[in-house]
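Content type compact mmCIF, C-alpha atoms, from the file coords.txt:
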```
# COMPACT_ATOMS: atom_id res chain seq x y z
CA MET A 1 20.51 94.42 49.34
CA LYS A 2 20.30 98.22 49.44
CA SER A 3 18.09 100.67 51.26
CA MET A 4 16.90 104.10 50.04
CA GLU A 5 14.95 106.72 51.96
CA ILE A 6 12.04 107.88 49.79
CA ASN A 7 9.06 109.90 51.07
CA ASN A 8 10.27 109.39 54.66
CA LYS A 9 10.20 105.62 54.23
CA GLN A 10 13.00 103.10 53.91
CA ILE A 11 12.71 101.30 50.58
CA THR A 12 14.58 98.03 50.35
CA ILE A 13 16.11 97.35 46.96
CA GLN A 14 16.70 93.64 46.62
CA ARG A 15 17.02 91.08 43.88
CA SER A 16 13.69 89.45 43.01
CA GLN A 17 12.98 85.75 43.10
CA LEU A 18 11.88 84.05 39.90
CA LYS A 19 8.12 84.68 40.03
CA GLN A 20 8.51 88.32 41.00
CA TRP A 21 11.29 88.80 38.42
CA LEU A 22 9.10 87.43 35.62
CA PHE A 23 6.18 89.64 36.62
CA LEU A 24 8.53 92.64 36.60
CA GLN A 25 9.85 91.68 33.16
CA ASP A 26 6.29 91.54 31.81
CA ILE A 27 5.49 94.98 33.23
CA TYR A 28 8.77 96.34 31.83
CA GLU A 29 7.71 95.12 28.36
CA GLU A 30 4.42 96.99 28.82
CA ILE A 31 6.33 100.13 29.85
CA LEU A 32 8.31 99.95 26.61
CA ASP A 33 5.16 99.26 24.56
CA SER A 34 3.42 102.30 26.04
CA LEU A 35 6.44 104.48 25.24
CA HIS A 36 6.61 103.20 21.66
CA GLY A 37 2.88 103.90 21.32
CA LYS A 38 3.39 107.35 22.92
CA ASP A 39 0.68 106.56 25.45
CA TYR A 40 2.05 108.50 28.42
CA ASN A 41 -0.93 107.86 30.71
CA GLN A 42 -0.39 104.15 30.37
CA PHE A 43 3.35 104.69 30.74
CA VAL A 44 2.87 106.30 34.18
CA ASP A 45 0.43 103.55 35.23
CA LYS A 46 2.76 100.74 34.19
CA PHE A 47 5.82 102.46 35.62
CA CYS A 48 4.13 102.81 39.00
CA GLN A 49 2.78 99.25 38.76
CA TYR A 50 6.39 98.06 38.32
CA LEU A 51 7.47 99.90 41.48
CA ILE A 52 4.43 98.74 43.49
CA GLN A 53 5.12 95.13 42.48
CA ALA A 54 8.80 95.43 43.38
CA THR A 55 8.55 97.39 46.64
CA GLY A 56 5.00 97.02 47.94
CA GLU A 57 4.75 100.83 48.36
CA THR A 58 1.99 102.73 46.54
CA PHE A 59 2.95 106.43 46.73
CA TRP A 60 4.92 106.57 43.46
CA LYS A 61 2.49 108.83 41.62
CA ASP A 62 2.60 111.47 44.36
CA ILE A 63 6.31 111.99 44.89
CA TYR A 64 9.11 113.83 43.10
CA TRP A 65 9.66 112.07 39.76
CA ILE A 66 13.44 111.91 40.20
CA ASP A 67 12.91 109.77 43.33
CA THR A 68 10.51 107.50 41.43
CA VAL A 69 12.97 107.07 38.57
CA SER A 70 15.96 106.55 40.90
CA VAL A 71 14.26 103.60 42.58
CA PHE A 72 13.37 102.15 39.17
CA PHE A 73 17.00 102.33 38.00
CA GLU A 74 18.25 100.78 41.27
CA LEU A 75 15.78 97.91 40.84
CA GLN A 76 16.83 97.43 37.23
CA ALA A 77 20.49 97.30 38.29
CA VAL A 78 19.96 94.82 41.13
CA ASN A 79 17.86 92.52 38.91
CA ARG A 80 20.28 92.54 35.99
CA ILE A 81 21.44 89.11 34.78
CA SER A 82 25.21 88.72 34.92
CA LYS A 83 25.43 85.21 33.44
CA ASN A 84 26.43 85.27 29.78
CA LEU A 85 23.74 82.85 28.52
CA PRO A 86 23.35 82.37 24.74
CA ILE A 87 19.55 82.42 25.14
CA LEU A 88 19.86 86.03 26.31
CA GLN A 89 22.17 87.23 23.53
CA PRO A 90 20.87 89.85 21.09
CA ARG A 91 19.38 88.24 18.02
CA GLN A 92 19.99 89.12 14.40
CA ILE A 93 16.33 88.53 13.67
CA THR A 94 13.86 90.34 15.90
CA PRO A 95 11.45 87.79 17.38
CA ASP A 96 7.85 87.99 16.22
CA LYS A 97 6.06 89.86 19.01
CA SER A 98 2.56 89.23 17.69
CA LYS A 99 0.48 87.67 20.44
CA MET A 100 -1.26 84.33 20.33
CA PRO A 101 -4.99 84.19 21.12
CA TRP A 102 -4.20 82.46 24.43
CA ASP A 103 -1.68 85.14 25.52
CA TYR A 104 -2.40 87.55 28.38
CA ALA A 105 -0.48 90.01 30.54
CA GLY A 106 1.62 88.26 33.17
CA ARG A 107 1.65 84.88 31.39
CA SER A 108 5.47 84.53 31.45
CA TRP A 109 5.47 83.21 35.02
CA TYR A 110 2.97 80.45 34.17
CA ILE A 111 4.94 79.42 31.07
CA TRP A 112 8.11 79.12 33.15
CA ALA A 113 6.39 77.38 36.07
CA ASN A 114 4.82 74.90 33.64
CA LEU A 115 8.14 74.23 31.89
CA LEU A 116 10.17 73.74 35.07
CA ALA A 117 7.50 71.76 36.93
CA LYS A 118 6.91 69.47 33.92
CA THR A 119 10.62 68.82 33.42
CA TYR A 120 11.87 68.46 36.98
CA GLY A 121 8.69 67.71 38.93
CA TRP A 122 9.28 70.64 41.29
CA SER A 123 6.43 72.33 43.14
CA VAL A 124 5.22 75.77 42.07
CA GLU A 125 6.18 77.13 45.53
CA TYR A 126 9.76 75.93 45.04
CA ILE A 127 9.99 77.32 41.50
CA GLU A 128 8.71 80.79 42.41
CA LYS A 129 11.53 81.24 44.93
CA MET A 130 14.30 80.12 42.57
CA GLU A 131 17.34 82.27 41.83
CA VAL A 132 16.67 83.89 38.43
CA GLU A 133 20.02 83.01 36.83
CA ASP A 134 19.68 79.31 37.77
CA ALA A 135 16.18 79.23 36.31
CA LEU A 136 17.35 80.92 33.12
CA ALA A 137 20.23 78.45 32.69
CA LEU A 138 17.86 75.51 33.25
CA VAL A 139 15.31 76.88 30.79
CA GLU A 140 18.11 77.16 28.24
CA GLU A 141 19.00 73.49 28.83
CA ILE A 142 15.34 72.46 28.50
CA SER A 143 15.13 74.39 25.22
CA VAL A 144 18.29 72.70 23.89
CA ASP A 145 16.93 69.24 24.79
CA LEU A 146 13.59 70.03 23.14
CA GLN A 147 15.23 71.32 19.97
CA LEU A 148 17.58 68.30 19.68
CA ASP A 149 14.61 65.93 20.22
CA ARG A 150 12.67 67.76 17.51
CA GLU A 151 15.67 67.56 15.15
CA TRP A 152 15.92 63.81 15.79
CA GLU A 153 12.22 63.35 15.02
CA TRP A 154 12.50 65.63 11.98
CA GLN A 155 15.35 63.69 10.34
CA ARG A 156 13.27 60.50 10.53
CA CYS A 157 10.35 62.19 8.81
CA GLU A 158 9.70 62.13 5.03
CA LEU A 159 9.00 65.85 4.96
CA ALA A 160 12.64 66.55 5.85
CA TYR A 161 13.82 65.34 2.43
CA SER A 162 13.25 66.83 -1.02
CA SER A 163 14.44 65.72 -4.43
CA GLU A 164 17.05 67.75 -6.24
CA LYS A 165 16.18 68.94 -9.75
CA GLY A 166 17.70 66.76 -12.50
CA SER A 167 19.05 64.24 -10.01
CA ASP A 168 17.87 61.10 -8.26
CA LYS A 169 19.48 62.23 -5.03
CA MET A 170 17.43 63.37 -2.05
CA LYS A 171 18.41 66.52 -0.20
CA PHE A 172 18.05 66.80 3.59
CA ASN A 173 16.48 70.03 4.77
CA ALA A 174 17.57 70.61 8.36
CA LEU A 175 15.06 71.87 10.90
CA THR A 176 15.61 75.57 11.56
CA ARG A 177 17.20 76.30 14.92
CA PRO A 178 16.33 79.28 17.10
CA GLU A 179 18.65 82.24 16.51
CA TRP A 180 20.48 81.83 19.83
CA MET A 181 21.43 78.21 18.97
CA LYS A 182 23.02 79.13 15.65
CA GLU A 183 26.77 79.60 15.17
CA PRO A 184 27.58 83.27 15.57
CA ILE A 185 28.77 84.97 12.39
CA LYS A 186 32.54 85.31 12.60
CA ILE A 187 34.53 88.19 11.16
CA PRO A 188 36.78 86.79 8.39
CA LYS A 189 40.44 86.51 9.36
CA SER A 190 42.77 89.00 7.66
CA ILE A 191 45.27 87.13 5.49
CA LYS A 192 48.62 88.45 4.36
CA ILE A 193 49.11 88.41 0.56
CA LEU A 194 52.52 88.37 -1.11
CA LYS A 195 53.46 91.68 -2.72
CA SER A 196 54.17 89.81 -5.96
CA MET A 197 50.52 88.74 -6.06
CA LEU A 198 49.19 92.29 -5.94
CA PRO A 199 48.04 93.85 -9.24
CA VAL A 200 50.73 95.80 -11.11
CA GLY A 201 50.50 99.23 -12.74
CA ASN A 202 48.07 102.06 -12.07
CA ILE A 203 44.96 101.02 -10.25
CA ILE A 204 41.79 102.45 -11.75
CA TYR A 205 39.13 103.15 -9.16
CA LEU A 206 35.89 102.30 -10.88
CA GLU A 207 33.77 104.44 -8.56
CA LYS A 208 35.49 107.46 -10.22
CA PRO A 209 34.96 108.45 -13.88
CA LEU A 210 37.26 106.57 -16.23
CA ASP A 211 38.68 109.80 -17.68
CA ALA A 212 39.87 110.98 -14.22
CA LYS A 213 43.64 111.32 -14.06
CA PRO A 214 45.38 108.48 -12.19
CA LYS A 215 47.04 109.40 -8.89
CA PRO A 216 50.76 110.09 -9.28
CA THR A 217 52.91 107.44 -7.61
CA ASN A 218 55.82 108.28 -5.27
CA SER A 219 58.34 106.00 -6.98
CA MET B 1 0.60 119.58 48.85
CA PRO B 2 2.98 118.77 45.98
CA ASN B 3 6.06 120.97 45.62
CA PRO B 4 5.84 122.87 42.26
CA ASN B 5 9.62 122.62 41.90
CA GLN B 6 9.45 118.85 42.28
CA PRO B 7 7.01 117.60 39.63
CA THR B 8 5.60 114.11 39.87
CA LEU B 9 5.97 111.53 37.12
CA ASN B 10 2.31 112.12 36.26
CA ASN B 11 2.76 115.91 35.89
CA LEU B 12 5.77 115.55 33.64
CA ALA B 13 4.39 112.74 31.51
CA SER B 14 1.22 114.74 30.92
CA LEU B 15 3.23 117.85 29.96
CA TYR B 16 5.52 115.78 27.74
CA ASP B 17 2.50 114.21 26.08
CA LYS B 18 1.27 117.65 25.00
CA VAL B 19 4.51 119.42 24.07
CA GLY B 20 7.30 116.80 24.04
CA HIS B 21 7.05 116.24 20.29
CA ILE B 22 8.12 119.83 19.66
CA PHE B 23 11.50 119.46 21.37
CA PRO B 24 14.13 118.39 18.83
CA ASP B 25 16.07 115.16 19.37
CA LEU B 26 18.85 115.41 21.92
CA ASP B 27 22.41 114.28 21.36
CA ASP B 28 23.40 113.01 24.83
CA SER B 29 27.09 112.88 23.98
CA LYS B 30 27.11 116.65 23.41
CA SER B 31 24.87 117.68 26.30
CA THR B 32 27.79 119.32 28.14
CA ASP B 33 28.97 121.23 25.07
CA VAL B 34 27.97 124.91 25.47
CA VAL B 35 27.80 125.53 21.70
CA TYR B 36 25.56 122.49 21.21
CA VAL B 37 23.24 123.53 24.05
CA THR B 38 22.93 127.07 22.59
CA GLU B 39 22.16 125.69 19.12
CA TYR B 40 19.68 123.22 20.62
CA MET B 41 17.84 126.01 22.44
CA GLU B 42 17.72 128.14 19.27
CA GLU B 43 16.29 125.21 17.32
CA THR B 44 13.72 124.57 20.09
CA ILE B 45 12.61 128.22 20.09
CA LYS B 46 12.20 128.14 16.29
CA LYS B 47 10.09 125.01 16.53
CA PHE B 48 7.91 126.36 19.32
CA ALA B 49 7.35 129.58 17.33
CA LYS B 50 5.49 127.41 14.80
CA TYR B 51 3.23 126.02 17.55
CA PRO B 52 1.96 129.06 19.51
CA ALA B 53 -0.83 127.15 21.28
CA GLU B 54 1.69 124.64 22.68
CA LEU B 55 4.11 127.45 23.55
CA TYR B 56 1.49 129.28 25.62
CA TYR B 57 0.25 126.05 27.20
CA PHE B 58 3.79 125.06 28.18
CA ILE B 59 4.75 128.40 29.77
CA SER B 60 1.37 128.85 31.43
CA THR B 61 1.35 125.34 32.97
CA VAL B 62 4.93 125.36 34.22
CA MET B 63 5.19 128.99 35.34
CA GLU B 64 1.61 129.09 36.65
CA ILE B 65 0.72 132.25 34.69
CA SER B 66 -2.60 132.52 32.85
CA GLU B 67 -2.46 132.42 29.03
CA LYS B 68 -4.34 135.75 28.97
CA VAL B 69 -1.43 137.45 30.77
CA LEU B 70 1.09 135.78 28.48
CA LEU B 71 -0.64 137.20 25.39
CA GLU B 72 0.09 140.71 26.58
CA LEU B 73 3.81 140.16 27.15
CA SER B 74 6.56 141.32 24.80
CA GLY B 75 8.50 138.78 22.74
CA LYS B 76 11.57 139.29 24.94
CA ASP B 77 9.68 138.60 28.18
CA LEU B 78 8.01 135.59 26.63
CA TYR B 79 11.39 134.25 25.53
CA GLU B 80 12.81 134.62 29.04
CA LEU B 81 9.80 132.88 30.55
CA PHE B 82 10.13 130.09 27.99
CA VAL B 83 13.77 129.45 28.88
CA ASP B 84 12.88 129.49 32.60
CA ALA B 85 10.00 127.07 31.93
CA ILE B 86 12.35 124.59 30.22
CA THR B 87 14.63 124.64 33.26
CA LYS B 88 11.86 124.58 35.85
CA SER B 89 9.82 121.84 34.18
CA GLN B 90 12.83 119.47 33.93
CA ILE B 91 11.32 118.39 30.63
CA LEU B 92 14.67 117.86 28.91
CA ILE B 93 15.85 115.51 31.66
CA PHE B 94 12.54 113.66 31.31
CA LYS B 95 13.03 113.45 27.54
CA GLN B 96 16.51 111.95 28.07
CA PHE B 97 15.07 109.47 30.54
CA VAL B 98 12.19 108.40 28.28
CA GLU B 99 14.59 107.91 25.39
CA SER B 100 17.07 105.95 27.50
CA ILE B 101 14.82 103.15 28.74
```
Could you rewrite the structure in this file as structure tokens?
Amino acid sequence: MKSMEINNKQITIQRSQLKQWLFLQDIYEEILDSLHGKDYNQFVDKFCQYLIQATGETFWKDIYWIDTVSVFFELQAVNRISKNLPILQPRQITPDKSKMPWDYAGRSWYIWANLLAKTYGWSVEYIEKMEVEDALALVEEISVDLQLDREWEWQRCELAYSSEKGSDKMKFNALTRPEWMKEPIKIPKSIKILKSMLPVGNIIYLEKPLDAKPKPTNS
Amino acid sequence: MPNPNQPTLNNLASLYDKVGHIFPDLDDSKSTDVVYVTEYMEETIKKFAKYPAELYYFISTVMEISEKVLLELSGKDLYELFVDAITKSQILIFKQFVESI
């Protein structure tokens, strides 16, 4: 916990509990959306909404902007997730951000509360005060269980198999996994090759014209 | 009463909304390099010269001088006011901030 003096008031910078953290994440997304859309009026509104939600103070539009921004950065730092969870790793494929008809601002908290309450039978009051990193790790476990259940169902379903052309054999088409559950792409290992296996003579670089003079060798 | 040397987020965002697009992209890694900063300022001045309405709006808003007075100033005076307005407005720090989040 940290304290900052802003506008003659002591502002406490502390890590948010789950419900608060999710609301802040939703507002942060809206801050980014307004910046991408170059809507600076909305940007200021959302930015101040983030600070009001996090601190309870309402004077953010009337004070020196450096103070406003400093508090924002402190809040971002204190709420950063330090656990290295696969579900939080950057994805190769950007997730589809198009909204469903039943989506609305601030829905994240209700999705999480529903997921955790349904799985563990905890009360909403208990869930909203959870430590964010524990909740994230549990949501990852719930997602893994759900995916493995779906894969089990899928492999027992006719639709998972297709016939191969010119063969009687059936081919199994695995259910696609979310990006964070896939094996990360590994950089190929460098392998030593015997000198005797290397090509002999002058090497012609095909990206250069064929009539270019070969490089003189030192030997 | 707000301090004119300490703009609010609202003031700066509104100013940036109107003239921010004219400032060229910043290279943060070179922001302490004197040569880079000089070249950046030259490029900015060239760009603003193509947008006189924005140039007058920017100087007039930040320096609190009416546009009518600005129209009567020499190019040299206008240039000096423009450089002062960039510093006073803190618009380049705001641009860095907006691009960093």
Contact table chain B vs chain A, cut-off 10 Å, shortest pair per residue, all atoms listed in the file, as CSV:
```
residue,atom,partner,partner_atom,distance
B:Met1,CA,A:Asp62,CA,9.5
B:Pro2,CA,A:Asp62,CA,7.5
B:Asn3,CA,A:Tyr64,CA,8.2
B:Pro4,CA,A:Tyr64,CA,9.6
B:Asn5,CA,A:Tyr64,CA,8.9
B:Gln6,CA,A:Tyr64,CA,5.1
B:Pro7,CA,A:Tyr64,CA,5.5
B:Thr8,CA,A:Trp65,CA,4.5
B:Leu9,CA,A:Trp65,CA,4.6
B:Asn10,CA,A:Val44,CA,6.2
B:Asn11,CA,A:Trp65,CA,8.8
B:Leu12,CA,A:Trp65,CA,8.0
B:Ala13,CA,A:Tyr40,CA,5.7
B:Ser14,CA,A:Tyr40,CA,6.8
B:Leu15,CA,A:Tyr40,CA,9.5
B:Tyr16,CA,A:Tyr40,CA,8.1
B:Asp17,CA,A:Tyr40,CA,6.2
B:Lys18,CA,A:Tyr40,CA,9.8
B:His21,CA,A:Lys38,CA,10.0
B:Gln90,CA,A:Ile66,CA,9.8
B:Ile93,CA,A:Ile66,CA,9.6
B:Phe94,CA,A:Trp65,CA,9.1
B:Phe97,CA,A:Val69,CA,8.6
B:Val98,CA,A:Leu35,CA,7.6
B:Glu99,CA,A:Leu35,CA,8.8
B:Ile101,CA,A:Leu32,CA,7.6
```
So that I have them on file, write out the residues from the current selection with C-alpha atoms, as a short mmCIF file (atom, residue, chain, number, x, y, z; two decimals), in the coordinates of the input.
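Now in part_16.cif:
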```cif
data_model
loop_
_atom_site.label_atom_id
_atom_site.label_comp_id
_atom_site.auth_asym_id
_atom_site.auth_seq_id
_atom_site.Cartn_x
_atom_site.Cartn_y
_atom_site.Cartn_z
CA MET B 1 0.60 119.58 48.85
CA PRO B 2 2.98 118.77 45.98
CA ASN B 3 6.06 120.97 45.62
CA PRO B 4 5.84 122.87 42.26
CA ASN B 5 9.62 122.62 41.90
CA GLN B 6 9.45 118.85 42.28
CA PRO B 7 7.01 117.60 39.63
CA THR B 8 5.60 114.11 39.87
CA LEU B 9 5.97 111.53 37.12
CA ASN B 10 2.31 112.12 36.26
CA ASN B 11 2.76 115.91 35.89
CA LEU B 12 5.77 115.55 33.64
CA ALA B 13 4.39 112.74 31.51
CA SER B 14 1.22 114.74 30.92
CA LEU B 15 3.23 117.85 29.96
CA TYR B 16 5.52 115.78 27.74
CA ASP B 17 2.50 114.21 26.08
CA LYS B 18 1.27 117.65 25.00
CA HIS B 21 7.05 116.24 20.29
CA GLN B 90 12.83 119.47 33.93
CA ILE B 93 15.85 115.51 31.66
CA PHE B 94 12.54 113.66 31.31
CA PHE B 97 15.07 109.47 30.54
CA VAL B 98 12.19 108.40 28.28
CA GLU B 99 14.59 107.91 25.39
CA ILE B 101 14.82 103.15 28.74
#
```
d(CA of Phe23 (chain B), CA of Lys47 (chain B)) in Å: 7.5 Å
Pro52 (chain B) surroundings by all atoms listed in the file, 12 Å radius, close-in-sequence under 6 positions cut, as a VMD selection string: chain B and resid 19 22 45 to 46 58 to 60 67 70 to 71 78 82
Next, write the just-selected residues to a file, as a short mmCIF file (atom, residue, chain, number, x, y, z; two decimals), in the coordinates of the input, keeping C-alpha atoms as the atom set.
```
data_model
loop_
_atom_site.label_atom_id
_atom_site.label_comp_id
_atom_site.auth_asym_id
_atom_site.auth_seq_id
_atom_site.Cartn_x
_atom_site.Cartn_y
_atom_site.Cartn_z
CA VAL B 19 4.51 119.42 24.07
CA ILE B 22 8.12 119.83 19.66
CA ILE B 45 12.61 128.22 20.09
CA LYS B 46 12.20 128.14 16.29
CA PHE B 58 3.79 125.06 28.18
CA ILE B 59 4.75 128.40 29.77
CA SER B 60 1.37 128.85 31.43
CA GLU B 67 -2.46 132.42 29.03
CA LEU B 70 1.09 135.78 28.48
CA LEU B 71 -0.64 137.20 25.39
CA LEU B 78 8.01 135.59 26.63
CA PHE B 82 10.13 130.09 27.99
#
```
Hey, could you pull the box centre and edge lengths for region 120-133 of chain A, axis-aligned, 8 Å padding per side, all listed atoms, to one decimal in Å, as JSON?
```
{"center_x": 12.6, "center_y": 75.8, "center_z": 41.2, "size_x": 30.8, "size_y": 32.2, "size_z": 24.7}
```
One-decimal distance in Å that lies between CA of Glu131 (chain A) and CA of Leu18 (chain A): 6.1 Å
Nearest-residue call for Tyr56 (chain B), choices B:Glu42, B:Tyr36, B:Asp28, B:Ala85, using only C-alpha atoms: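 Of all the options, B:Ala85 lies closest to Tyr56 (chain B).
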Determine, counting all atoms listed in the file, which protein, DNA and RNA residues have an atom within 12 Å of an atom of Ala77 (chain A); residues of the same chain fewer than 4 positions away are not included. Present the result as an mmCIF file with C-alpha atoms, in the frame of the given file.
```cif
data_model
loop_
_atom_site.group_PDB
_atom_site.id
_atom_site.type_symbol
_atom_site.label_atom_id
_atom_site.label_comp_id
_atom_site.auth_asym_id
_atom_site.auth_seq_id
_atom_site.Cartn_x
_atom_site.Cartn_y
_atom_site.Cartn_z
ATOM 1 C CA MET A 1 20.510 94.420 49.340
ATOM 2 C CA LYS A 2 20.300 98.220 49.440
ATOM 3 C CA ILE A 13 16.110 97.350 46.960
ATOM 4 C CA GLN A 14 16.700 93.640 46.620
ATOM 5 C CA ARG A 15 17.020 91.080 43.880
ATOM 6 C CA SER A 16 13.690 89.450 43.010
ATOM 7 C CA SER A 70 15.960 106.550 40.900
ATOM 8 C CA VAL A 71 14.260 103.600 42.580
ATOM 9 C CA PHE A 72 13.370 102.150 39.170
ATOM 10 C CA PHE A 73 17.000 102.330 38.000
ATOM 11 C CA ILE A 81 21.440 89.110 34.780
ATOM 12 C CA SER A 82 25.210 88.720 34.920
#
```
Minimum-distance residue to Val62 (chain B), chosen among B:Asp33, B:Asp84, B:Asp27, B:Glu39 (using all atoms listed in the file): B:Asp84
Residues within 12 Å of Val144 (chain A), all atoms listed in the file, excluding chain neighbours under 4 positions, as a list of chain:residue names: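 Here the qualifying residues turn out to be A:Pro86, A:Ile87, A:Ala137, A:Leu138, A:Val139, A:Glu140, A:Leu148, A:Asp149, A:Arg150, A:Glu151, A:Arg177, A:Pro178, A:Trp180, A:Met181, A:Lys182.
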Å distance separating CA of Ser190 (chain A) from CA of Ile204 (chain A), one decimal place: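 CA of Ile204 (chain A) lies at a distance of 23.6 Å from CA of Ser190 (chain A).
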